[in-house]
Amino acid sequence: MTVPEPSATAPVAPIAPAASSVFEGRGLTCIRGERVVFAGLDFTLAPGEALLLLGPNGSGKSSFLRLLAGLIRPAAGTLSWNGAPVRDDREEHGARSRYIGHLDAVKPVLSVAENIAFWVRTWSPETPDVPAAVQRGLGRFAIERLSDVPGKMLSAGQKRRVNLARLIAAPAPLWLLDEPTTALDKASIKVLEEAIAEHRAAGGMVALSTHSEIALPGARTFHMDEFAVDSASAWDALDAEWEAAKT
Amino acid sequence: MASYFDMGGYAGYVWPSYAVTAIVLVALFVATWRGLKNRERTLETLLATRGPRRRRAARQEAPAPEAVNTASTTEETSR
Amino acid sequence: MNALLAVIRRDLRLALRQGSDSMMVVAFFVLTVVLFPFGVGPESGILERVAAGVLWVTALLASMLSLDRLFQTDYEDGSLDLLTMAPMPLSVIVLGKVAAHWLTTGLPLILAAPVLAVLLNMNSEGFGVLIAAMAVGTPTLSLIGAVGAALVLGARRGGVLLSLLVLPLYIPVLIFGVSAIDAAVMGFEYRAQLLIMGAMLLVSLALCPWATGAALRQAVE
Amino acid sequence: MHRFANPNRFLKLANAILPWSNGVLVVSLLAGLALALVWSPGDYQQGDTVRIMYVHVPAAWMGMFAYVAMAVASAVALIWKHPLADLAGRATAPVGAAFTFVCLVTGALWGKPMWGTWWVWDARLTSMLILLFLYFGYMALHNAFDDPQRGAKAAAVLALVGVVNVPIIKFSVDWWNTLHQPASVVRMDGPAVDPSMLWPLLVMGLAFKAFYVSVVLLRIKAEIADAKIRALRMSEIHG
């Protein structure tokens with residue numbers, strides 16, 4: 001089932017993916033370095049829905065988002081989009097999801113418009129009118145005036161808004177936002193909340209982790225530390241089995 | 001007997017090559033062996049200091065190694 | 001397809017605006033070659049004898065110099081995560097980056113090589129083959145080097161490690177590059193060497209982007 | 001190493017094999033040395049220096065075998081994501097490097113009486129030298145990361161890239177060697193190997209292989225213990 005590519009004419013939001021398309025994970029387990037970050041995690045995400053990830057530092061919020069983005073392969077469990085395993089078709093998953101991480105991926109020597117234009121050409125290659133898409137993204141986060149400013153002169157907040165502008169310039173059904181509100185002032189957080197609401201209204205999906213307050217009506221919350229696993233106890237279980245086998 | 005060790009005049013090459021082989025291989029074996037013993041000793045001390053209480057708890061809680069942490073999460077996700 | 005061009009255009013723009021990286025590479029190339037007469041002695045007989053080898057070894061080291069910058073900046077500012085999530089195979093993006101790297105380093109080396117060949121008073125028959133051999137050889141060096149650059153992302157002392165990983169893999173290109181020029185200078189047939197280097201280029205074009213992609217995915221995980 | 005790969009099956013297997021491999025090692029080593037140093041006659045042309053061959057050639061075999069084993073372990077680690085394969089690759093590298101080093105040193109010791117110089121750019125010796133650099137590259141990359149998993153994966157990719165390049169390097173070095181080599185008087189492993197030389201060669205080869213199996217198994221056990229220690233320490237920090 002290929003998600004219809006959003007055409008440039010839709011001014012505000014992407015064309016809603018078919019109502020049935022659902023993103024789900026069963027028994028997901030993530031291992032970073034040698035630590036089991038979380039295990040046995042199930043979730044479903046249908047169009048219009050949102051996941052809010054809470055939990056202390058190191059409980060795996062970022063790892064979970066990177067896993068959803070396909071950057072990390074789950075050690076166990078399956079991740080599927082409409083039943084089809086995501087891992088089988090990375091490019092398709094890349095086309096339908098956008099990931100905003102801690103780092104802002106803004107090149108210091110390129111101007112804001114050039115930065116976003118590159119991402120539009122890389123993520124939405126079929127976009128007919130790239131400059132228009134770029135302007136739409138900048139307009140949504142009120143940074144049109146920064147269009148020709150090179151990246152190195154931007155403040156952290158401005159860089160974050162340039163980062164978020166990519167979501168609008170290169171639209172896709174699934175948004176994965178890792179603490180998007182960092183470095184944003186009150187007004188910008190408001191704009192972000194509206195953008196997310198519009199995205200969800202148009203049938204998009206959002207998974208978002210945050211420490212600060214963000215209005216996400218009707219979102220399902222996930223406390224990541226519920227899925228934590230103490231890796232040492234895992235070894236104890238193994239030792240127990242080993243000693244039992246010996247006797 | 002001495003002529004045997006002379007190796008037809010090439011003693012200076014045959015014996016050193018066997019010596020080098022012996023040194024390198026024995027050194028590797030000893031280093032590996034000692035490394036393993038050190039690690040096993042530290043493992044023992046770590047397991048001991050973690051306290052038997054916790055090891056017994058681990059044994060009841062997860063009889064099979066693949067038993068997943070089954071904290072009930074289903075009602076959380078399917079709301 | 002236009003994503004590939006987008007990657008090439010962006011990287012070229014970055015390279016040109018970010019300070020003349022290619023100038024650095026050519027400067028290193030020229031300087032190192034100029035050092036040799038001081039070491040080996042200025043007699044033209046000796047210089048001519050080693051000219052091809054000196055040119056190739058220094059070109060190889062020069063192209064390796066700028067390799068670790070290939071993915072490092074993207075890795076540090078988070079662009080690499082987004083590049084691995086692009087809706088096209090990662091090897092296409094790697095190909096774009098390697099092409100940009102070759103244009104900023106390989107090409108200047110090829111242009112500088114004949115000038116330096118004169119310095120080492122290499123026989124003039126060798127010039128044409130020198131350019132042909134480097135035209136086929138330097139892309140192979142960039143491709144193999146890209147695999148090394150991706151492998152050392154996030155490693156301690158990545159630069160030194162990169163040379164340890166990549167130099168042994170450069171040896172076939174060096175051997176055939178030099179022997180092509182030597183054969184031409186001595187009037188023998190040199191097409192065989194160039195064909196073998198062409199084969200190596202095709203193999204690298206097929207395998208290296210895929211291997212680099214796999215290494216990048218490990219780095220991003 | 002995480003709990004989803006069960007090391008116990010491997011530990012049982014290793015503990016079953018180790019006594020046997022140590023036994024074979026001791027027996028075949030003693031037999032090999034006796035054959036090589038005493039039983040087999042000197043070569044009519046090279047005299048007693050041919051005895052160096054009984055150490056040099058098996059070491060070369062093992063150096064190449066270990067690299068292929070490392071590449072296979074890396075492929076398993078990358079394709080089936082089996083963490084034990086990572087450990088196997090990491091355990092094999094030093095053993096392979098040791099054998100390659102021994103091969104080079106004994107090659108030089110053999111070259112001196114033959115050609116009067118310690119180092120000869122013979123095609124095979126040069127290829128072994130490059131193989132030694134590939135080993136150093138693998139080991140350096142393996143330890144260059146803070147996270148052992150990341151190092152293991154990066155080294156695995158390097159081993160696969162290396163194993164593809166080894167034949168190409170071998171081909172170009174042979175080609176380069178024939179170009180520059182004056183008619184090579186004596187091939188590295190002497191004229192056709194007659195039985196009196198074949199037996200010591202094979203028995204020493206068996207001894208080296210048994211040594212390889214024992215040491216690699218021991219090193220893998222050490223790696224597993226290492227992983228357990230890290231996991232225990234990690235849980236202290238994260239609770």
# chains A, B, ... in the order shown; residues from 1 in each chain; ligands from 1
$ residues_around --residues "Gly137 of chain D" --least-positions-apart "4" --cutoff "9 Å" --atoms "only C-alpha atoms" --output "ChimeraX atom specification"
/C:161-162,164-166 /D:132-133,141-142,155,158
$ write_last_selection --atoms "N, CA and C atoms" --output "mmCIF file, in the first residue's frame"
data_model
loop_
_atom_site.group_PDB
_atom_site.id
_atom_site.type_symbol
_atom_site.label_atom_id
_atom_site.label_comp_id
_atom_site.auth_asym_id
_atom_site.auth_seq_id
_atom_site.Cartn_x
_atom_site.Cartn_y
_atom_site.Cartn_z
ATOM 1 N N LEU C 161 43.571 5.959 12.457
ATOM 2 C CA LEU C 161 42.974 4.631 12.236
ATOM 3 C C LEU C 161 42.572 4.474 10.777
ATOM 4 N N LEU C 162 42.039 5.546 10.190
ATOM 5 C CA LEU C 162 41.587 5.488 8.794
ATOM 6 C C LEU C 162 42.743 5.073 7.885
ATOM 7 N N LEU C 164 45.355 3.363 8.633
ATOM 8 C CA LEU C 164 45.720 1.949 8.857
ATOM 9 C C LEU C 164 44.736 1.022 8.144
ATOM 10 N N LEU C 165 43.476 1.420 8.122
ATOM 11 C CA LEU C 165 42.465 0.552 7.499
ATOM 12 C C LEU C 165 42.557 0.611 5.976
ATOM 13 N N VAL C 166 42.816 1.818 5.453
ATOM 14 C CA VAL C 166 42.584 2.017 4.022
ATOM 15 C C VAL C 166 43.846 1.740 3.195
ATOM 16 N N LEU D 132 49.087 -9.060 7.691
ATOM 17 C CA LEU D 132 49.355 -8.651 9.077
ATOM 18 C C LEU D 132 48.796 -7.247 9.312
ATOM 19 N N PHE D 133 48.942 -6.353 8.323
ATOM 20 C CA PHE D 133 48.384 -4.995 8.474
ATOM 21 C C PHE D 133 46.853 -5.063 8.547
ATOM 22 N N LEU D 141 40.488 -1.222 14.978
ATOM 23 C CA LEU D 141 39.117 -0.713 14.817
ATOM 24 C C LEU D 141 38.210 -1.293 15.899
ATOM 25 N N HIS D 142 38.462 -2.562 16.240
ATOM 26 C CA HIS D 142 37.601 -3.227 17.234
ATOM 27 C C HIS D 142 37.653 -2.489 18.566
ATOM 28 N N ALA D 155 34.216 -3.510 12.937
ATOM 29 C CA ALA D 155 35.301 -4.429 12.561
ATOM 30 C C ALA D 155 34.758 -5.545 11.671
ATOM 31 N N LEU D 158 34.663 -4.307 8.244
ATOM 32 C CA LEU D 158 36.033 -4.223 7.723
ATOM 33 C C LEU D 158 36.547 -5.600 7.334
#
$ closest_atom_pairs --of "chain A" --to "chain C" --cutoff "6 Å" --atoms "only C-alpha atoms" --output "Markdown table"
| residue | atom | partner | partner_atom | distance |
| --- | --- | --- | --- | --- |
| A:Leu71 | CA | C:Glu221 | CA | 5.8 |
| A:Ile72 | CA | C:Glu221 | CA | 5.0 |
| A:Glu91 | CA | C:Pro87 | CA | 4.2 |
| A:Gly94 | CA | C:Pro87 | CA | 4.6 |
| A:Ala95 | CA | C:Pro87 | CA | 4.6 |
| A:Leu103 | CA | C:Gly78 | CA | 5.1 |
| A:Ala105 | CA | C:Ser79 | CA | 4.7 |
| A:Arg121 | CA | C:Ala3 | CA | 5.6 |
| A:Thr122 | CA | C:Ala3 | CA | 4.9 |
| A:Trp123 | CA | C:Ala86 | CA | 5.4 |
$ closest_residue --among "A:Ala133, A:Ala156, A:Leu53, A:Val229" --to "chain B" --atoms "only C-alpha atoms"
A:Val229
$ residues_around --residues "Pro167 of chain D" --least-positions-apart "6" --cutoff "12 Å" --atoms "only C-alpha atoms" --output "ChimeraX atom specification"
/C:169,172 /D:64,68,127,130-131,161,173-174
$ write_last_selection --atoms "N, CA and C atoms" --output "short mmCIF file (atom, residue, chain, number, x, y, z; two decimals), in the first residue's frame"
data_model
loop_
_atom_site.label_atom_id
_atom_site.label_comp_id
_atom_site.auth_asym_id
_atom_site.auth_seq_id
_atom_site.Cartn_x
_atom_site.Cartn_y
_atom_site.Cartn_z
N LEU C 169 44.36 -1.51 1.45
CA LEU C 169 43.41 -1.76 0.36
C LEU C 169 43.76 -0.93 -0.87
N PRO C 172 46.64 -2.51 -4.53
CA PRO C 172 46.45 -2.90 -5.95
C PRO C 172 46.39 -1.69 -6.89
N MET D 64 46.23 -17.40 7.26
CA MET D 64 45.17 -17.18 6.26
C MET D 64 43.87 -17.79 6.74
N VAL D 68 40.08 -15.94 7.25
CA VAL D 68 38.82 -16.39 6.64
C VAL D 68 37.81 -16.69 7.75
N SER D 127 52.51 -10.68 0.63
CA SER D 127 51.07 -10.81 0.90
C SER D 127 50.83 -11.06 2.38
N ILE D 130 51.03 -7.81 4.21
CA ILE D 130 49.80 -7.01 4.07
C ILE D 130 48.69 -7.60 4.93
N LEU D 131 48.65 -8.95 4.98
CA LEU D 131 47.63 -9.60 5.83
C LEU D 131 47.83 -9.19 7.29
N VAL D 161 35.05 -6.48 4.01
CA VAL D 161 35.70 -5.71 2.93
C VAL D 161 37.10 -6.27 2.71
N VAL D 173 49.95 -8.41 -6.08
CA VAL D 173 51.32 -8.57 -5.57
C VAL D 173 52.06 -9.62 -6.40
N ASP D 174 51.36 -10.72 -6.71
CA ASP D 174 52.02 -11.74 -7.57
C ASP D 174 52.43 -11.11 -8.89
#
$ closest_residue --among "D:Pro94, D:Pro148, D:Pro113, D:Gly205" --to "Ala31 of chain B" --atoms "only C-alpha atoms"
D:Pro94
$ atom_distance --atom1 "atom CA of Leu60 of chain C" --atom2 "atom CA of Glu43 of chain C"
24.8 Å
$ select_by_dssp --residues "segment 120-242 of chain A" --states "alpha helix (DSSP H)" --output "PyMOL selection string"
chain A and resi 120-123+130-140+156-169+186-201+231-242
$ interface_residues --of "chain B" --to "chain D" --cutoff "10 Å" --atoms "only C-alpha atoms" --output "ChimeraX atom specification"
/B:4-44,46-47,50,65-66
$ select_by_dssp --residues "segment 45-176 of chain A" --states "strand (DSSP E or B)" --output "PyMOL selection string"
chain A and resi 45+50-54+76-81+84-85+97-100+111+150+174-176
$ closest_atom_pairs --of "chain D" --to "chain C" --cutoff "12 Å" --atoms "only C-alpha atoms" --output "CSV"
residue,atom,partner,partner_atom,distance
D:Leu78,CA,C:Ala214,CA,9.3
D:Ile79,CA,C:Ala214,CA,11.0
D:Lys81,CA,C:Gln218,CA,12.0
D:Thr126,CA,C:Ile171,CA,11.2
D:Ser127,CA,C:Pro168,CA,10.2
D:Met128,CA,C:Pro168,CA,11.6
D:Leu129,CA,C:Pro168,CA,9.8
D:Ile130,CA,C:Pro168,CA,6.3
D:Leu131,CA,C:Pro168,CA,8.5
D:Leu132,CA,C:Pro168,CA,9.8
D:Phe133,CA,C:Pro168,CA,6.9
D:Leu134,CA,C:Pro168,CA,6.9
D:Tyr135,CA,C:Leu165,CA,9.5
D:Phe136,CA,C:Leu164,CA,7.9
D:Gly137,CA,C:Leu165,CA,5.1
D:Tyr138,CA,C:Leu165,CA,7.6
D:Met139,CA,C:Leu165,CA,10.3
D:Ala140,CA,C:Leu161,CA,7.2
D:Leu141,CA,C:Leu161,CA,7.1
D:His142,CA,C:Ala155,CA,9.6
D:Asn143,CA,C:Ala155,CA,8.8
D:Ala144,CA,C:Ala155,CA,5.2
D:Phe145,CA,C:Ala155,CA,5.1
D:Asp146,CA,C:Ala155,CA,7.9
D:Asp147,CA,C:Ala155,CA,9.8
D:Pro148,CA,C:Ala155,CA,11.3
D:Gln149,CA,C:Gln218,CA,9.5
D:Arg150,CA,C:Gln218,CA,6.9
D:Gly151,CA,C:Ala155,CA,8.4
D:Ala152,CA,C:Gln218,CA,9.9
D:Lys153,CA,C:Gln218,CA,6.6
D:Ala154,CA,C:Leu151,CA,5.6
D:Ala155,CA,C:Leu151,CA,7.9
D:Ala156,CA,C:Ala215,CA,9.4
D:Val157,CA,C:Ala215,CA,6.6
D:Leu158,CA,C:Leu151,CA,7.5
D:Ala159,CA,C:Leu165,CA,10.3
D:Leu160,CA,C:Ala211,CA,8.9
D:Val161,CA,C:Ala211,CA,7.4
D:Gly162,CA,C:Leu169,CA,7.6
D:Val163,CA,C:Leu169,CA,10.6
D:Val164,CA,C:Leu207,CA,9.6
D:Asn165,CA,C:Leu169,CA,6.7
D:Val166,CA,C:Leu169,CA,8.6
D:Pro167,CA,C:Pro172,CA,10.4
D:Ile168,CA,C:Pro172,CA,7.0
D:Ile169,CA,C:Pro172,CA,5.7
D:Lys170,CA,C:Pro172,CA,8.8
D:Phe171,CA,C:Pro172,CA,8.4
D:Ser172,CA,C:Pro172,CA,5.5
D:Val173,CA,C:Pro172,CA,7.5
D:Asp174,CA,C:Ile175,CA,10.6
D:Trp175,CA,C:Ile175,CA,8.9
D:Trp176,CA,C:Ile175,CA,6.7
D:Asn177,CA,C:Ile175,CA,10.1
D:Leu179,CA,C:Ser179,CA,8.9
D:His180,CA,C:Ser179,CA,10.3
$ residues_around --residues "Pro56 of chain A" --least-positions-apart "6" --cutoff "12 Å" --atoms "only C-alpha atoms" --output "PyMOL selection string"
(chain A and resi 62+209-211+222-226+228) or (chain D and resi 238)
$ residues_around --residues "Phe28 of chain C" --least-positions-apart "4" --cutoff "12 Å" --atoms "only C-alpha atoms" --output "ChimeraX atom specification"
/C:21-24,32-35,55,58-66,105,108-109,112
$ write_last_selection --atoms "N, CA, C and O atoms" --output "tab-separated table (two decimals), in the first residue's frame"
chain	number	residue	atom	x	y	z
C	21	ASP	N	39.14	23.26	0.55
C	21	ASP	CA	39.66	21.96	0.92
C	21	ASP	C	40.54	21.42	-0.19
C	21	ASP	O	41.59	20.84	0.05
C	22	SER	N	40.10	21.63	-1.44
C	22	SER	CA	40.90	21.07	-2.54
C	22	SER	C	42.26	21.76	-2.59
C	22	SER	O	43.27	21.14	-2.93
C	23	MET	N	42.31	23.07	-2.22
C	23	MET	CA	43.62	23.74	-2.22
C	23	MET	C	44.55	22.99	-1.26
C	23	MET	O	45.70	22.71	-1.58
C	24	MET	N	44.01	22.64	-0.10
C	24	MET	CA	44.85	21.96	0.90
C	24	MET	C	45.43	20.68	0.31
C	24	MET	O	46.61	20.39	0.43
C	32	THR	N	54.79	17.55	-0.96
C	32	THR	CA	55.43	16.25	-0.71
C	32	THR	C	56.29	15.83	-1.90
C	32	THR	O	57.41	15.34	-1.73
C	33	VAL	N	55.76	16.07	-3.11
C	33	VAL	CA	56.55	15.67	-4.29
C	33	VAL	C	57.84	16.49	-4.35
C	33	VAL	O	58.92	15.97	-4.60
C	34	VAL	N	57.73	17.78	-4.01
C	34	VAL	CA	58.92	18.64	-4.07
C	34	VAL	C	59.96	18.18	-3.05
C	34	VAL	O	61.16	18.31	-3.25
C	35	LEU	N	59.50	17.56	-1.97
C	35	LEU	CA	60.45	17.11	-0.94
C	35	LEU	C	61.39	16.02	-1.47
C	35	LEU	O	62.54	15.92	-1.06
C	55	LEU	N	54.80	10.01	-7.52
C	55	LEU	CA	53.54	10.71	-7.83
C	55	LEU	C	52.36	9.92	-7.29
C	55	LEU	O	51.48	10.46	-6.61
C	58	THR	N	52.19	9.82	-3.32
C	58	THR	CA	51.76	11.08	-2.70
C	58	THR	C	50.31	11.39	-3.08
C	58	THR	O	49.54	11.88	-2.24
C	59	ALA	N	49.90	11.05	-4.31
C	59	ALA	CA	48.50	11.31	-4.68
C	59	ALA	C	47.58	10.48	-3.79
C	59	ALA	O	46.56	10.95	-3.27
C	60	LEU	N	48.00	9.27	-3.54
C	60	LEU	CA	47.20	8.37	-2.69
C	60	LEU	C	47.09	8.93	-1.28
C	60	LEU	O	45.99	9.02	-0.70
C	61	LEU	N	48.20	9.42	-0.73
C	61	LEU	CA	48.15	9.98	0.63
C	61	LEU	C	47.33	11.26	0.63
C	61	LEU	O	46.52	11.50	1.53
C	62	ALA	N	47.47	12.06	-0.41
C	62	ALA	CA	46.74	13.34	-0.45
C	62	ALA	C	45.24	13.08	-0.49
C	62	ALA	O	44.46	13.69	0.25
C	63	SER	N	44.82	12.11	-1.31
C	63	SER	CA	43.36	11.89	-1.40
C	63	SER	C	42.86	11.31	-0.09
C	63	SER	O	41.71	11.52	0.31
C	64	MET	N	43.76	10.64	0.66
C	64	MET	CA	43.31	10.05	1.92
C	64	MET	C	43.17	11.11	3.01
C	64	MET	O	42.41	10.97	3.96
C	65	LEU	N	43.92	12.20	2.83
C	65	LEU	CA	43.93	13.25	3.86
C	65	LEU	C	42.53	13.78	4.13
C	65	LEU	O	42.12	13.92	5.27
C	66	SER	N	41.79	14.02	3.05
C	66	SER	CA	40.53	14.74	3.26
C	66	SER	C	39.38	13.75	3.44
C	66	SER	O	38.22	14.13	3.37
C	105	THR	N	38.82	16.67	-4.64
C	105	THR	CA	40.19	16.23	-4.33
C	105	THR	C	40.81	15.47	-5.51
C	105	THR	O	41.89	15.81	-5.98
C	108	PRO	N	41.52	17.86	-8.77
C	108	PRO	CA	42.70	18.74	-8.66
C	108	PRO	C	44.01	17.95	-8.71
C	108	PRO	O	45.00	18.40	-9.29
C	109	LEU	N	44.01	16.74	-8.13
C	109	LEU	CA	45.26	15.95	-8.16
C	109	LEU	C	45.63	15.62	-9.60
C	109	LEU	O	46.79	15.71	-10.00
C	112	ALA	N	47.11	18.55	-11.22
C	112	ALA	CA	48.44	18.95	-10.73
C	112	ALA	C	49.51	17.93	-11.14
C	112	ALA	O	50.69	18.27	-11.25
$ closest_residue --among "D:Trp118, D:His82, D:Leu201, D:Asp43" --to "chain A" --atoms "only C-alpha atoms"
D:His82
$ atom_distance --atom1 "atom CA of Asp178 of chain A" --atom2 "atom CA of Gly101 of chain A"
5.2 Å
$ residues_around --residues "Ala84 of chain A" --least-positions-apart "6" --cutoff "12 Å" --atoms "only C-alpha atoms" --output "list in words"
Met1, Thr2, Ser21, Val22, Phe23, Glu24, Gly25, Thr78, Arg90, Glu92 and His93 of chain A
$ write_last_selection --atoms "all heavy atoms" --output "PDB file, in the first residue's frame"
ATOM      1  N   MET A   1       0.882  -1.167   0.000  1.00  0.00           N
ATOM      2  CA  MET A   1       0.000   0.000   0.000  1.00  0.00           C
ATOM      3  C   MET A   1       0.921   1.219   0.000  1.00  0.00           C
ATOM      4  O   MET A   1       1.617   1.478   0.964  1.00  0.00           O
ATOM      5  CB  MET A   1      -0.839  -0.026   1.327  1.00  0.00           C
ATOM      6  CG  MET A   1      -2.149   0.708   1.229  1.00  0.00           C
ATOM      7  SD  MET A   1      -2.370   2.297   2.063  1.00  0.00           S
ATOM      8  CE  MET A   1      -0.915   2.864   2.740  1.00  0.00           C
ATOM      9  N   THR A   2       0.985   1.915  -1.079  1.00  0.00           N
ATOM     10  CA  THR A   2       1.899   3.073  -1.054  1.00  0.00           C
ATOM     11  C   THR A   2       1.098   4.303  -0.638  1.00  0.00           C
ATOM     12  O   THR A   2      -0.001   4.530  -1.108  1.00  0.00           O
ATOM     13  CB  THR A   2       2.462   3.347  -2.464  1.00  0.00           C
ATOM     14  OG1 THR A   2       1.318   3.530  -3.328  1.00  0.00           O
ATOM     15  CG2 THR A   2       3.268   2.140  -2.949  1.00  0.00           C
ATOM     16  N   SER A  21      -4.383   2.723   7.404  1.00  0.00           N
ATOM     17  CA  SER A  21      -2.937   2.510   7.595  1.00  0.00           C
ATOM     18  C   SER A  21      -2.609   2.697   9.073  1.00  0.00           C
ATOM     19  O   SER A  21      -2.907   3.722   9.673  1.00  0.00           O
ATOM     20  CB  SER A  21      -2.145   3.525   6.763  1.00  0.00           C
ATOM     21  OG  SER A  21      -2.171   4.760   7.431  1.00  0.00           O
ATOM     22  N   VAL A  22      -2.027   1.668   9.687  1.00  0.00           N
ATOM     23  CA  VAL A  22      -1.732   1.780  11.124  1.00  0.00           C
ATOM     24  C   VAL A  22      -0.295   1.313  11.333  1.00  0.00           C
ATOM     25  O   VAL A  22       0.213   0.435  10.640  1.00  0.00           O
ATOM     26  CB  VAL A  22      -2.736   0.916  11.934  1.00  0.00           C
ATOM     27  CG1 VAL A  22      -2.460  -0.564  11.720  1.00  0.00           C
ATOM     28  CG2 VAL A  22      -2.700   1.288  13.392  1.00  0.00           C
ATOM     29  N   PHE A  23       0.336   1.970  12.260  1.00  0.00           N
ATOM     30  CA  PHE A  23       1.759   1.710  12.552  1.00  0.00           C
ATOM     31  C   PHE A  23       1.791   1.003  13.894  1.00  0.00           C
ATOM     32  O   PHE A  23       1.249   1.509  14.873  1.00  0.00           O
ATOM     33  CB  PHE A  23       2.471   3.058  12.640  1.00  0.00           C
ATOM     34  CG  PHE A  23       3.964   2.965  12.801  1.00  0.00           C
ATOM     35  CD1 PHE A  23       4.695   1.931  12.206  1.00  0.00           C
ATOM     36  CD2 PHE A  23       4.655   3.922  13.530  1.00  0.00           C
ATOM     37  CE1 PHE A  23       6.072   1.862  12.334  1.00  0.00           C
ATOM     38  CE2 PHE A  23       6.043   3.861  13.659  1.00  0.00           C
ATOM     39  CZ  PHE A  23       6.742   2.833  13.075  1.00  0.00           C
ATOM     40  N   GLU A  24       2.304  -0.252  13.939  1.00  0.00           N
ATOM     41  CA  GLU A  24       2.253  -0.936  15.249  1.00  0.00           C
ATOM     42  C   GLU A  24       3.534  -1.711  15.515  1.00  0.00           C
ATOM     43  O   GLU A  24       4.261  -2.079  14.599  1.00  0.00           O
ATOM     44  CB  GLU A  24       1.049  -1.870  15.282  1.00  0.00           C
ATOM     45  CG  GLU A  24       1.080  -2.915  14.183  1.00  0.00           C
ATOM     46  CD  GLU A  24      -0.227  -3.692  14.156  1.00  0.00           C
ATOM     47  OE1 GLU A  24      -0.833  -3.832  15.227  1.00  0.00           O
ATOM     48  OE2 GLU A  24      -0.602  -4.117  13.065  1.00  0.00           O
ATOM     49  N   GLY A  25       3.764  -1.915  16.795  1.00  0.00           N
ATOM     50  CA  GLY A  25       4.956  -2.665  17.215  1.00  0.00           C
ATOM     51  C   GLY A  25       4.545  -3.705  18.236  1.00  0.00           C
ATOM     52  O   GLY A  25       3.663  -3.446  19.055  1.00  0.00           O
ATOM     53  N   THR A  78       8.536  -7.073  16.491  1.00  0.00           N
ATOM     54  CA  THR A  78       8.330  -6.651  15.092  1.00  0.00           C
ATOM     55  C   THR A  78       7.713  -5.255  15.056  1.00  0.00           C
ATOM     56  O   THR A  78       6.994  -4.855  15.954  1.00  0.00           O
ATOM     57  CB  THR A  78       7.302  -7.600  14.407  1.00  0.00           C
ATOM     58  OG1 THR A  78       6.104  -7.562  15.208  1.00  0.00           O
ATOM     59  CG2 THR A  78       7.827  -9.004  14.291  1.00  0.00           C
ATOM     60  N   ARG A  90      13.047  -0.312   3.792  1.00  0.00           N
ATOM     61  CA  ARG A  90      13.512   0.896   4.502  1.00  0.00           C
ATOM     62  C   ARG A  90      13.156   2.157   3.744  1.00  0.00           C
ATOM     63  O   ARG A  90      12.756   3.150   4.327  1.00  0.00           O
ATOM     64  CB  ARG A  90      15.041   0.825   4.607  1.00  0.00           C
ATOM     65  CG  ARG A  90      15.569   0.275   5.887  1.00  0.00           C
ATOM     66  CD  ARG A  90      17.097   0.338   5.837  1.00  0.00           C
ATOM     67  NE  ARG A  90      17.681  -0.631   6.738  1.00  0.00           N
ATOM     68  CZ  ARG A  90      17.744  -0.436   8.060  1.00  0.00           C
ATOM     69  NH1 ARG A  90      17.244   0.676   8.570  1.00  0.00           N
ATOM     70  NH2 ARG A  90      18.295  -1.334   8.841  1.00  0.00           N
ATOM     71  N   GLU A  92      10.737   2.815   1.732  1.00  0.00           N
ATOM     72  CA  GLU A  92       9.320   3.199   1.872  1.00  0.00           C
ATOM     73  C   GLU A  92       9.096   3.851   3.230  1.00  0.00           C
ATOM     74  O   GLU A  92       8.423   4.863   3.367  1.00  0.00           O
ATOM     75  CB  GLU A  92       8.460   1.924   1.725  1.00  0.00           C
ATOM     76  CG  GLU A  92       6.978   2.164   1.670  1.00  0.00           C
ATOM     77  CD  GLU A  92       6.579   3.173   0.606  1.00  0.00           C
ATOM     78  OE1 GLU A  92       7.164   3.130  -0.483  1.00  0.00           O
ATOM     79  OE2 GLU A  92       5.726   4.033   0.905  1.00  0.00           O
ATOM     80  N   HIS A  93       9.712   3.281   4.267  1.00  0.00           N
ATOM     81  CA  HIS A  93       9.527   3.851   5.607  1.00  0.00           C
ATOM     82  C   HIS A  93      10.160   5.240   5.676  1.00  0.00           C
ATOM     83  O   HIS A  93       9.640   6.148   6.311  1.00  0.00           O
ATOM     84  CB  HIS A  93      10.157   2.931   6.660  1.00  0.00           C
ATOM     85  CG  HIS A  93       9.771   3.307   8.061  1.00  0.00           C
ATOM     86  ND1 HIS A  93       8.466   3.294   8.497  1.00  0.00           N
ATOM     87  CD2 HIS A  93      10.508   3.748   9.108  1.00  0.00           C
ATOM     88  CE1 HIS A  93       8.419   3.678   9.766  1.00  0.00           C
ATOM     89  NE2 HIS A  93       9.649   3.975  10.154  1.00  0.00           N
TER      90      HIS A  93
END
$ closest_residue --among "D:Pro83, D:Asp122, D:Trp20, D:Ala207" --to "chain A" --atoms "only C-alpha atoms"
D:Pro83
